[in-house]
Amino acid sequence: MPGSKEIRTKIKSVQNTRKITKAMEMVAASKMRKAQERMRAARPYSEKIRRLAANLSQANVTEYRHAFLGRTKQEAVKRVGLIIVTTDKGLCGGLNTNVLRQALNSMRQWEASGVTEIRVTCIGNKGLGFMQRMGAKVISHVTHLGDTPHLDKLIGPMKVMIDAFQKGELDAVYLGYTKFINTMKQEPVLEPLLPLSGERMGTPERSWDYLYEPDAQTVIDELLVRYVEALIYQGVAENMASEQSARMVAMKAATDNAGNVIKELQLVYNKARQAAITKEISEIVGGAAAIAG
């Protein structure tokens, strides 16, 4: 059994760790509320631009078809792009592990189905490090986004992937992130981003037609680019809200576990102290008996 001094040192160390995890839990709780507000504030814009894009995709525009809407003739997918959203920091449970595991499984399935090339754009330091260790072809990345998603930081890496699709260098692009369900549940998602499908945009209630000014190509190009940017921004906002929720839950669990460890160590300390006292009493009694004899 370890000595009393070693046990006291261990208890002090765990108490200090508990203070840190408790502070991190409180900070994450504060950031979580702000992240959820930003995420929910972005949803109406995403929904509105989704409806516009859905109506536009069903409009009778015979003179121009945007590359984002895919080819009229279906061809086998041979080259795939993947935009993966993770966090910059750890200590958030299995948040990054779950989405990266799903992305890795999908990459293996694509390769098994005949995909010859996979290009990756990483948003977040954890995903970038993982993809580099796996030897993936990372064509762009952005890290250190902070606690607030900024579209100006995301546009550069996004544009590399989007331009590759527009040039015909990629047949499909997927977006992977963690969707916020509630404080206790976050769900990893890997969904098709490009080409835009009716399933992704939704089907309008009735057919639409438009008069375009200055022309159909200018309007459609601008709207669909903004739509794709909104999808990625919403994914990043969802991931940030999920990150703070997962970190708060993980730190609360760590704090509770530290409390349990302290209780167990105090019990061991009391037993060790009691054993030491009993030993001292036995030595005193034995010495007194020897003198008396």
# chains A, B, ... in the order shown; residues from 1 in each chain; ligands from 1
$ residues_around --residues "region 238-245 of chain A" --least-positions-apart "2" --cutoff "6 Å" --atoms "only C-alpha atoms" --output "PyMOL selection string"
chain A and resi 28+32+35-36+39+178-180+183+186+235-236+247-248
$ write_last_selection --atoms "all heavy atoms" --output "CSV table (one decimal), in the first residue's frame"
chain,number,residue,atom,x,y,z
A,28,ALA,N,-17.3,26.1,-21.9
A,28,ALA,CA,-18.0,25.5,-23.0
A,28,ALA,C,-19.5,25.7,-22.9
A,28,ALA,O,-20.1,25.9,-24.0
A,28,ALA,CB,-17.7,24.0,-23.0
A,32,MET,N,-21.4,27.4,-25.8
A,32,MET,CA,-22.4,26.6,-26.5
A,32,MET,C,-23.7,27.4,-26.8
A,32,MET,O,-24.3,27.3,-27.9
A,32,MET,CB,-22.8,25.4,-25.6
A,32,MET,CG,-23.8,24.5,-26.1
A,32,MET,SD,-24.4,23.3,-24.9
A,32,MET,CE,-25.2,24.4,-23.7
A,35,ALA,N,-23.0,29.7,-29.7
A,35,ALA,CA,-22.9,28.9,-31.0
A,35,ALA,C,-24.2,28.4,-31.4
A,35,ALA,O,-24.5,28.4,-32.6
A,35,ALA,CB,-21.9,27.7,-30.7
A,36,GLN,N,-25.1,28.0,-30.5
A,36,GLN,CA,-26.4,27.6,-30.9
A,36,GLN,C,-27.2,28.7,-31.5
A,36,GLN,O,-28.0,28.6,-32.4
A,36,GLN,CB,-27.1,27.0,-29.7
A,36,GLN,CG,-26.6,25.6,-29.3
A,36,GLN,CD,-27.3,25.0,-28.1
A,36,GLN,OE1,-28.3,25.5,-27.7
A,36,GLN,NE2,-26.7,24.0,-27.5
A,39,MET,N,-26.0,29.3,-35.0
A,39,MET,CA,-26.5,28.2,-35.9
A,39,MET,C,-28.0,28.4,-36.2
A,39,MET,O,-28.3,28.3,-37.4
A,39,MET,CB,-26.3,26.9,-35.2
A,39,MET,CG,-26.8,25.7,-35.9
A,39,MET,SD,-27.0,24.3,-34.8
A,39,MET,CE,-28.3,24.9,-33.7
A,178,THR,N,-20.6,17.5,-38.4
A,178,THR,CA,-21.4,16.9,-37.3
A,178,THR,C,-22.6,17.8,-37.1
A,178,THR,O,-22.5,19.0,-36.8
A,178,THR,CB,-20.6,16.9,-36.0
A,178,THR,OG1,-19.4,16.1,-36.2
A,178,THR,CG2,-21.4,16.3,-34.9
A,179,LYS,N,-23.8,17.2,-37.3
A,179,LYS,CA,-25.0,18.0,-37.2
A,179,LYS,C,-25.5,18.1,-35.7
A,179,LYS,O,-25.5,17.1,-35.0
A,179,LYS,CB,-26.1,17.3,-38.0
A,179,LYS,CG,-27.4,18.1,-38.1
A,179,LYS,CD,-28.4,17.4,-39.0
A,179,LYS,CE,-29.7,18.2,-39.1
A,179,LYS,NZ,-30.7,17.5,-40.1
A,180,PHE,N,-25.9,19.3,-35.3
A,180,PHE,CA,-26.4,19.5,-34.0
A,180,PHE,C,-27.8,19.0,-33.9
A,180,PHE,O,-28.7,19.5,-34.6
A,180,PHE,CB,-26.3,21.0,-33.6
A,180,PHE,CG,-26.8,21.3,-32.2
A,180,PHE,CD1,-25.9,21.1,-31.1
A,180,PHE,CD2,-28.0,21.7,-32.0
A,180,PHE,CE1,-26.4,21.4,-29.8
A,180,PHE,CE2,-28.5,22.0,-30.8
A,180,PHE,CZ,-27.7,21.9,-29.7
A,183,THR,N,-28.3,19.1,-27.0
A,183,THR,CA,-27.1,19.3,-26.2
A,183,THR,C,-26.5,17.9,-26.0
A,183,THR,O,-25.2,17.8,-25.9
A,183,THR,CB,-27.5,19.9,-24.9
A,183,THR,OG1,-28.1,21.2,-25.2
A,183,THR,CG2,-26.2,20.2,-24.1
A,186,GLN,N,-25.2,14.6,-31.0
A,186,GLN,CA,-24.7,15.2,-32.2
A,186,GLN,C,-24.4,14.1,-33.2
A,186,GLN,O,-23.9,13.1,-32.8
A,186,GLN,CB,-23.4,16.0,-31.9
A,186,GLN,CG,-23.5,17.1,-30.9
A,186,GLN,CD,-23.4,16.7,-29.5
A,186,GLN,OE1,-22.6,15.8,-29.2
A,186,GLN,NE2,-24.1,17.3,-28.6
A,235,GLY,N,-23.0,24.0,-42.4
A,235,GLY,CA,-22.3,22.9,-41.9
A,235,GLY,C,-21.3,23.2,-40.8
A,235,GLY,O,-21.2,22.6,-39.8
A,236,VAL,N,-20.5,24.3,-41.1
A,236,VAL,CA,-19.5,24.7,-40.1
A,236,VAL,C,-20.2,25.2,-38.8
A,236,VAL,O,-19.7,25.0,-37.7
A,236,VAL,CB,-18.6,25.8,-40.7
A,236,VAL,CG1,-17.7,26.4,-39.7
A,236,VAL,CG2,-17.8,25.3,-41.9
A,247,ARG,N,-18.1,19.2,-25.9
A,247,ARG,CA,-17.0,19.6,-24.9
A,247,ARG,C,-17.6,19.8,-23.5
A,247,ARG,O,-17.0,19.3,-22.5
A,247,ARG,CB,-16.3,20.8,-25.4
A,247,ARG,CG,-15.1,21.2,-24.4
A,247,ARG,CD,-14.2,22.2,-25.0
A,247,ARG,NE,-13.4,21.7,-26.1
A,247,ARG,CZ,-13.4,22.1,-27.3
A,247,ARG,NH1,-14.2,23.1,-27.6
A,247,ARG,NH2,-12.7,21.6,-28.2
A,248,MET,N,-18.8,20.4,-23.4
A,248,MET,CA,-19.4,20.6,-22.1
A,248,MET,C,-19.7,19.3,-21.5
A,248,MET,O,-19.4,19.1,-20.3
A,248,MET,CB,-20.6,21.5,-22.3
A,248,MET,CG,-21.3,21.8,-20.9
A,248,MET,SD,-23.0,22.5,-21.1
A,248,MET,CE,-23.8,21.0,-21.6
$ residues_around --residues "Leu193 (chain A)" --least-positions-apart "4" --cutoff "8 Å" --atoms "only C-alpha atoms" --output "MDAnalysis selection string"
chainID A and resid 172:175 228
$ select_by_dssp --residues "region 87-292 of chain A" --states "helix (DSSP H, G or I)" --output "PyMOL selection string"
chain A and resi 95-112+125-133+151-166+198-201+216-292
$ closest_residue --among "A:Ile7, A:Val160, A:Met184, A:Ile118" --to "Val249 (chain A)" --atoms "only C-alpha atoms"
A:Met184
$ closest_residue --among "A:Gln234, A:Thr87, A:Thr116, A:Thr148" --to "Ile49 (chain A)" --atoms "only C-alpha atoms"
A:Gln234
$ closest_residue --among "A:Lys137, A:Arg119, A:Lys19, A:Lys263" --to "Leu82 (chain A)" --atoms "only C-alpha atoms"
A:Arg119
$ residues_around --residues "region 142-146 of chain A" --least-positions-apart "2" --cutoff "10 Å" --atoms "only C-alpha atoms" --output "list in words"
Val85, Thr86, Thr87, Asp88, Lys89, Thr121, Cys122, Ile123, Gly124, Asn125, Lys126, Gly127, Leu128, Ser140, Thr148, Pro149, His150, Lys153, Leu154, Ile155, Gly156, Pro157, Met158, Val236 and Met240 of chain A
$ residues_around --residues "Tyr45 (chain A)" --least-positions-apart "6" --cutoff "12 Å" --atoms "only C-alpha atoms" --output "ChimeraX atom specification"
/A:38-39,51-52,226-227,229-231,233-234
$ write_last_selection --atoms "C-alpha atoms" --output "short mmCIF file (atom, residue, chain, number, x, y, z; two decimals), in the first residue's frame"
data_model
loop_
_atom_site.label_atom_id
_atom_site.label_comp_id
_atom_site.auth_asym_id
_atom_site.auth_seq_id
_atom_site.Cartn_x
_atom_site.Cartn_y
_atom_site.Cartn_z
CA ARG A 38 -25.53 31.61 -34.43
CA MET A 39 -26.48 28.24 -35.87
CA ARG A 51 -36.11 27.30 -51.86
CA LEU A 52 -34.83 29.79 -54.40
CA ARG A 226 -24.19 31.60 -52.88
CA TYR A 227 -26.31 28.50 -52.25
CA GLU A 229 -21.49 28.68 -49.78
CA ALA A 230 -24.56 28.79 -47.52
CA LEU A 231 -24.61 24.99 -47.27
CA TYR A 233 -21.31 27.77 -43.81
CA GLN A 234 -24.33 26.10 -42.20
#
$ select_by_dssp --residues "region 25-234 of chain A" --states "strand (DSSP E)" --output "number ranges by chain"
A: 79-85, 117-123, 137-142, 172-182, 185-194
$ atom_distance --atom1 "CA of Glu117 (chain A)" --atom2 "CA of Pro192 (chain A)"
16.5 Å
